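Colleague: Starting off with a structure, shown below.
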Amino acid sequence: MGKRLSDRERHKVFTRALRNVEPGESLAIPKSRLDSLPASYQPTILGYPVDPSAPGARSQYRGPYRRHVYESRRAWVVHKDRVDPREDPIGHLLEDAPELAAAGGVGALVGYAVGKQRFDKRLGEGAAHRDAVVDAALTSALWGIGAGAVAFGIARLLKDL
């Protein structure tokens with residue numbers, strides 16, 4: 001590896017690389033070109049744990065100008081979000097991760113509807129209130145997770161088209 005780059009030079013590498021890249025498009029910057037991230041890039045848990053654009057990613061970082069970076073063994077995989085989730089989490093879900101918003105919304109609606117129906121049915125059968133609540137909560141969670149997973153898959157497929 002050549003000389004160690006200053007923080008300012010590291011920022012310039014990202015700026016040049018992302019110049020003609022649209023939000024959401026990913027590109028890889030080899031670690032041979034950029035050995036470490038600028039100091040302004042902070043570790044984050046906001047993002048997919050395993051992003052399809054960064055298979056084998058070890059960790060992820062958020063930087064200035066809505067930049068989101070995944071670290072793989074040989075490269076920094078970077079894209080620019082439309083909305084920074086640190087500033088506007090709901091806007092980020094709707095603009096950059098609509099499949100997560102769809103999964104959460106559908107999962108919550110289906111879970112609530114199924115849970116309410118199950119609760120009312122169990123009470124009508126003469127079950128104790130506590131038993132009806134537990135049964136409804138478990139049924140609600142299972143159906144909500146299942147419906148959310150299906151909604152996520154469909155939204156992801158539509159997003160990729």
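How things are named: the first chain in the structure tokens is A, the next is B, and so on; residues count from 1 in each chain; ligands count from 1 in the order shown.
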Write out as number ranges by chain the set of residues from segment 51-88 of chain A that DSSP, computed on the backbone, places in strand (DSSP E).
Modeller: A: 59-62, 67-71, 75-80
Colleague: Put those residues in a file: all heavy atoms, as a short mmCIF file (atom, residue, chain, number, x, y, z; two decimals), in the first residue's frame.
Modeller:
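File produced: result_36.cif:
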data_model
loop_
_atom_site.label_atom_id
_atom_site.label_comp_id
_atom_site.auth_asym_id
_atom_site.auth_seq_id
_atom_site.Cartn_x
_atom_site.Cartn_y
_atom_site.Cartn_z
N SER A 59 -19.12 -4.90 8.76
CA SER A 59 -19.71 -3.81 9.53
C SER A 59 -20.16 -2.72 8.57
O SER A 59 -19.85 -2.75 7.39
CB SER A 59 -18.72 -3.27 10.56
OG SER A 59 -17.46 -3.05 9.97
N GLN A 60 -20.89 -1.76 9.12
CA GLN A 60 -21.40 -0.66 8.30
C GLN A 60 -21.23 0.66 9.02
O GLN A 60 -21.17 0.71 10.24
CB GLN A 60 -22.84 -0.91 7.91
CG GLN A 60 -23.78 -1.19 9.05
CD GLN A 60 -25.18 -1.50 8.58
OE1 GLN A 60 -25.68 -0.90 7.63
NE2 GLN A 60 -25.83 -2.44 9.23
N TYR A 61 -21.15 1.71 8.23
CA TYR A 61 -20.88 3.05 8.75
C TYR A 61 -21.76 4.06 8.05
O TYR A 61 -22.16 3.88 6.91
CB TYR A 61 -19.41 3.43 8.48
CG TYR A 61 -18.43 2.46 9.07
CD1 TYR A 61 -18.08 1.30 8.38
CD2 TYR A 61 -17.87 2.66 10.32
CE1 TYR A 61 -17.19 0.39 8.92
CE2 TYR A 61 -16.98 1.76 10.87
CZ TYR A 61 -16.64 0.62 10.16
OH TYR A 61 -15.77 -0.28 10.70
N ARG A 62 -22.04 5.14 8.75
CA ARG A 62 -22.75 6.29 8.18
C ARG A 62 -21.80 7.47 8.19
O ARG A 62 -21.09 7.70 9.16
CB ARG A 62 -24.00 6.63 9.00
CG ARG A 62 -25.03 5.55 8.96
CD ARG A 62 -26.16 5.92 8.06
NE ARG A 62 -27.07 4.80 7.93
CZ ARG A 62 -27.74 4.54 6.84
NH1 ARG A 62 -27.60 5.30 5.78
NH2 ARG A 62 -28.56 3.52 6.77
N ARG A 67 -24.09 9.36 3.19
CA ARG A 67 -23.33 8.21 2.72
C ARG A 67 -23.45 7.04 3.68
O ARG A 67 -23.39 7.20 4.89
CB ARG A 67 -21.86 8.59 2.53
CG ARG A 67 -21.69 9.59 1.41
CD ARG A 67 -20.28 10.07 1.33
NE ARG A 67 -20.15 11.10 0.29
CZ ARG A 67 -19.13 11.90 0.18
NH1 ARG A 67 -18.13 11.83 1.04
NH2 ARG A 67 -19.08 12.79 -0.78
N HIS A 68 -23.59 5.85 3.12
CA HIS A 68 -23.73 4.61 3.88
C HIS A 68 -22.70 3.63 3.32
O HIS A 68 -22.70 3.33 2.14
CB HIS A 68 -25.14 4.07 3.70
CG HIS A 68 -25.46 2.89 4.56
ND1 HIS A 68 -26.62 2.18 4.43
CD2 HIS A 68 -24.78 2.29 5.56
CE1 HIS A 68 -26.65 1.20 5.30
NE2 HIS A 68 -25.54 1.24 6.00
N VAL A 69 -21.83 3.15 4.19
CA VAL A 69 -20.70 2.32 3.76
C VAL A 69 -20.74 0.96 4.46
O VAL A 69 -20.92 0.89 5.68
CB VAL A 69 -19.35 3.00 4.11
CG1 VAL A 69 -18.18 2.14 3.67
CG2 VAL A 69 -19.27 4.38 3.47
N TYR A 70 -20.56 -0.09 3.68
CA TYR A 70 -20.39 -1.43 4.21
C TYR A 70 -18.93 -1.81 4.04
O TYR A 70 -18.34 -1.56 2.99
CB TYR A 70 -21.25 -2.45 3.45
CG TYR A 70 -22.72 -2.33 3.73
CD1 TYR A 70 -23.54 -1.54 2.93
CD2 TYR A 70 -23.29 -3.01 4.80
CE1 TYR A 70 -24.89 -1.43 3.19
CE2 TYR A 70 -24.64 -2.90 5.06
CZ TYR A 70 -25.43 -2.12 4.26
OH TYR A 70 -26.76 -2.00 4.52
N GLU A 71 -18.36 -2.41 5.07
CA GLU A 71 -16.97 -2.84 4.98
C GLU A 71 -16.92 -4.34 4.67
O GLU A 71 -17.45 -5.16 5.42
CB GLU A 71 -16.24 -2.59 6.31
CG GLU A 71 -14.80 -3.04 6.26
CD GLU A 71 -14.06 -2.82 7.56
OE1 GLU A 71 -14.71 -2.47 8.58
OE2 GLU A 71 -12.83 -2.99 7.56
N ALA A 75 -12.94 -4.33 0.23
CA ALA A 75 -13.43 -3.06 -0.30
C ALA A 75 -14.40 -2.38 0.66
O ALA A 75 -14.91 -3.00 1.60
CB ALA A 75 -14.12 -3.29 -1.64
N TRP A 76 -14.62 -1.11 0.38
CA TRP A 76 -15.67 -0.32 1.03
C TRP A 76 -16.79 -0.24 0.00
O TRP A 76 -16.58 0.27 -1.09
CB TRP A 76 -15.18 1.08 1.37
CG TRP A 76 -13.95 1.11 2.21
CD1 TRP A 76 -12.67 1.37 1.79
CD2 TRP A 76 -13.86 0.86 3.61
NE1 TRP A 76 -11.81 1.29 2.85
CE2 TRP A 76 -12.52 0.99 3.99
CE3 TRP A 76 -14.79 0.55 4.60
CZ2 TRP A 76 -12.06 0.81 5.29
CZ3 TRP A 76 -14.35 0.37 5.89
CH2 TRP A 76 -13.01 0.51 6.23
N VAL A 77 -17.96 -0.78 0.31
CA VAL A 77 -19.09 -0.71 -0.60
C VAL A 77 -19.97 0.44 -0.12
O VAL A 77 -20.47 0.42 1.00
CB VAL A 77 -19.88 -2.04 -0.62
CG1 VAL A 77 -21.06 -1.94 -1.57
CG2 VAL A 77 -18.96 -3.19 -1.01
N VAL A 78 -20.12 1.44 -0.97
CA VAL A 78 -20.76 2.69 -0.55
C VAL A 78 -21.94 3.03 -1.45
O VAL A 78 -21.92 2.73 -2.65
CB VAL A 78 -19.74 3.85 -0.51
CG1 VAL A 78 -19.14 4.10 -1.88
CG2 VAL A 78 -20.34 5.13 0.01
N HIS A 79 -22.96 3.61 -0.85
CA HIS A 79 -24.04 4.22 -1.61
C HIS A 79 -24.50 5.47 -0.87
O HIS A 79 -24.15 5.67 0.29
CB HIS A 79 -25.21 3.24 -1.82
CG HIS A 79 -25.98 2.92 -0.58
ND1 HIS A 79 -25.72 1.81 0.18
CD2 HIS A 79 -26.99 3.56 0.05
CE1 HIS A 79 -26.54 1.78 1.21
NE2 HIS A 79 -27.32 2.85 1.17
N LYS A 80 -25.25 6.27 -1.57
CA LYS A 80 -25.75 7.51 -0.99
C LYS A 80 -27.26 7.36 -0.83
O LYS A 80 -27.96 7.01 -1.78
CB LYS A 80 -25.41 8.66 -1.93
CG LYS A 80 -25.64 10.02 -1.39
CD LYS A 80 -24.99 11.00 -2.34
CE LYS A 80 -25.53 12.36 -2.23
NZ LYS A 80 -24.92 13.27 -3.18
#
Colleague: Return as a PyMOL selection string the full set of residues in segment 72-116 of chain A whose backbone-based DSSP assignment is helix (DSSP H, G or I).
Modeller: chain A and resi 89-96+98-116
Colleague: Each residue of segment 17-112 of chain A with at least one atom at most 6 Å from segment 125-148 of chain A should appear once, together with its nearest atom pair and the corresponding distance in Å (one decimal); atoms considered: only C-alpha atoms; ordering: chain, then increasing residue number; output as CSV.
Modeller:
residue,atom,partner,partner_atom,distance
A:Ala103,CA,A:Gly148,CA,4.0
A:Val106,CA,A:Gly148,CA,5.6
A:Gly107,CA,A:Gly144,CA,4.1
A:Ala108,CA,A:Gly144,CA,5.9
A:Val110,CA,A:Gly144,CA,5.5
A:Gly111,CA,A:Gly144,CA,4.0
Colleague: Residues near Ala97 of chain A, anyone? I mean within 12 Å using only C-alpha atoms, not counting same-chain ones fewer than 3 positions away, as a PyMOL selection string.
Modeller: chain A and resi 23-24+46-48+51+81-85+89-94+100-104+152+155-156+159-160
Colleague: Figure out the distance between atom CA of Glu95 of chain A and atom CA of Leu161 of chain A, please, to one decimal in Å.
Modeller: 15.8 Å
Colleague: Hey, can you check how far atom CA of Arg66 of chain A sits from atom CA of Arg86 of chain A?
Modeller: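 Taking atom CA of Arg66 of chain A as the start and atom CA of Arg86 of chain A as the end point, the length is 9.3 Å.
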